[in-house]
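Engineer: Below: one structure in structure tokens.
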Amino acid sequence: MDKPHIAKIRIYPIKSLDPVEVDQITMGTFSLQHDREYAMVAEDNRYINGKRTGRVNQLKARYDLPNQLVTLSNREEGHEQTFGLEENNHELLEYLSDFFGVKVLLFKKTSGELMDMPHVSSVTVVSEASISSLQVDFKNYSAEDLRLRFRSNLEIGGTSAFWEENLFGKPGVGIRFLVGDVEMIGISPRARCNVPPRNPHTGETNKEFVKRMIESRSQSLPNKSLLPQHGNLYHLTVNTYLPENQKGKTLRLGDEIKILGPINLE
């Protein structure tokens, strides 16, 4: 019998860079506190992210969030430099500009504006068993490699593979659920882009990744899965909406998940 609970919590302080794994997290406005709080933007006003360049995968980031510090290094060279994590830190901006070969600005937003779908979807959810299921078909990839490719916030333990698909309905129908005392609404499966095929440390693209991913999903699709109604099978993780009235609540490892029921999203 499934006993869904939170097994991992990850946030990504700078969009597209490395995650921080935590034991608990406070709910912010439409997002987890400090998740995608900063984003790197080029002069053309486009994000510097994994969709644009595999170079982001080569930049290693470690964080000291209580002191608002970030330590950066080229994964190949290993030399680390530590900077104050703030928008107008000229030394940090110079480092990033030199690394990417373009002038880089750093934007900070605290209300989910830097998410891929601002205010609509913030927290993404996957199950441990789903990662394990994919690993069977991607034998050369570790579970951590897959986690870094799909960049989920919450990982669910105590379930069968793809249990998280219970957290969305047919198109236009969401699912209300509780994680501890935090209410969220699952709104859709997450369609994937060109980021998962990239090696999370080198940025090199595996041209067979999408095909293998779709084959894996087709062979492991749960009974009565609604995923085919949402398009092709190149989906993993669930998009969720975090209502503004959840701000200030705390999510913790071990918190149980309870499904409340469907809600019309239209």
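We name chains A, B, ... following the order of the structure tokens; residues begin at 1 in each chain, and ligands are numbered from 1 as shown.
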Please provide the set of residues having any atom within 7 Å of A:Lys108, restricted to only C-alpha atoms, with same-chain residues fewer than 5 positions apart removed, written as a ChimeraX atom specification.
Structural biologist: /A:37-39,87
Engineer: Taking only residues of stretch 118-225 of chain A that have an atom at most 7 Å from an atom of stretch 55-76 of chain A, what is each one's shortest atom pair and its distance in Å to one decimal, using only C-alpha atoms, in chain and number order, as CSV?
Structural biologist:
residue,atom,partner,partner_atom,distance
A:Pro200,CA,A:Asn57,CA,5.3
A:His201,CA,A:Asn57,CA,4.9
A:Thr202,CA,A:Gln58,CA,5.2
A:Gly203,CA,A:Asn57,CA,5.1
Engineer: Just to be explicit: take each residue in the selection above, keep C-alpha atoms, and write the result as a CSV table (one decimal), in the first residue's frame.
Structural biologist:
chain,number,residue,atom,x,y,z
A,200,PRO,CA,24.2,17.8,-16.0
A,201,HIS,CA,28.0,18.3,-15.6
A,202,THR,CA,29.3,18.9,-19.1
A,203,GLY,CA,26.2,20.1,-21.1
Engineer: Select from stretch 165-246 of chain A every residue with an atom at most 9 Å from any atom of stretch 129-136 of chain A, then for each give the shortest pair of atoms and their distance in Å to one decimal, using only C-alpha atoms, rows by chain and rising number, as CSV.
Structural biologist:
residue,atom,partner,partner_atom,distance
A:Met213,CA,A:Leu134,CA,7.7
A:Ser216,CA,A:Leu134,CA,6.7
A:Arg217,CA,A:Leu134,CA,8.0
A:Ser220,CA,A:Ser133,CA,7.8
A:Leu236,CA,A:Ser130,CA,8.6
A:Thr237,CA,A:Ser130,CA,9.0
Engineer: Excluding A:Arg147 and its own-chain neighbours fewer than 3 positions away, which residues fall within 10 Å of it when counting only C-alpha atoms? Please give them as a PyMOL selection string.
Structural biologist: chain A and resi 126+128+131+142-144+150-153+155+196+200
Engineer: From a DSSP calculation on the backbone, collect every residue of stretch 2-243 of chain A in strand (DSSP E or B) and output the set as a PyMOL selection string.
Structural biologist: chain A and resi 5-11+14+20-22+24-27+32+38-42+47+59-64+69-74+80-84+104-108+117+121+124-127+154-157+168+173-179+182-191+198+205+235-241
Engineer: Could you give me, as an NGL selection string, each residue of stretch 51-227 of chain A that DSSP assigns to helix (DSSP H, G or I) when run on this structure's backbone?
Structural biologist: :A and (54-58 or 65-67 or 90-100 or 128-137 or 143-150 or 163-167 or 209-219 or 227)
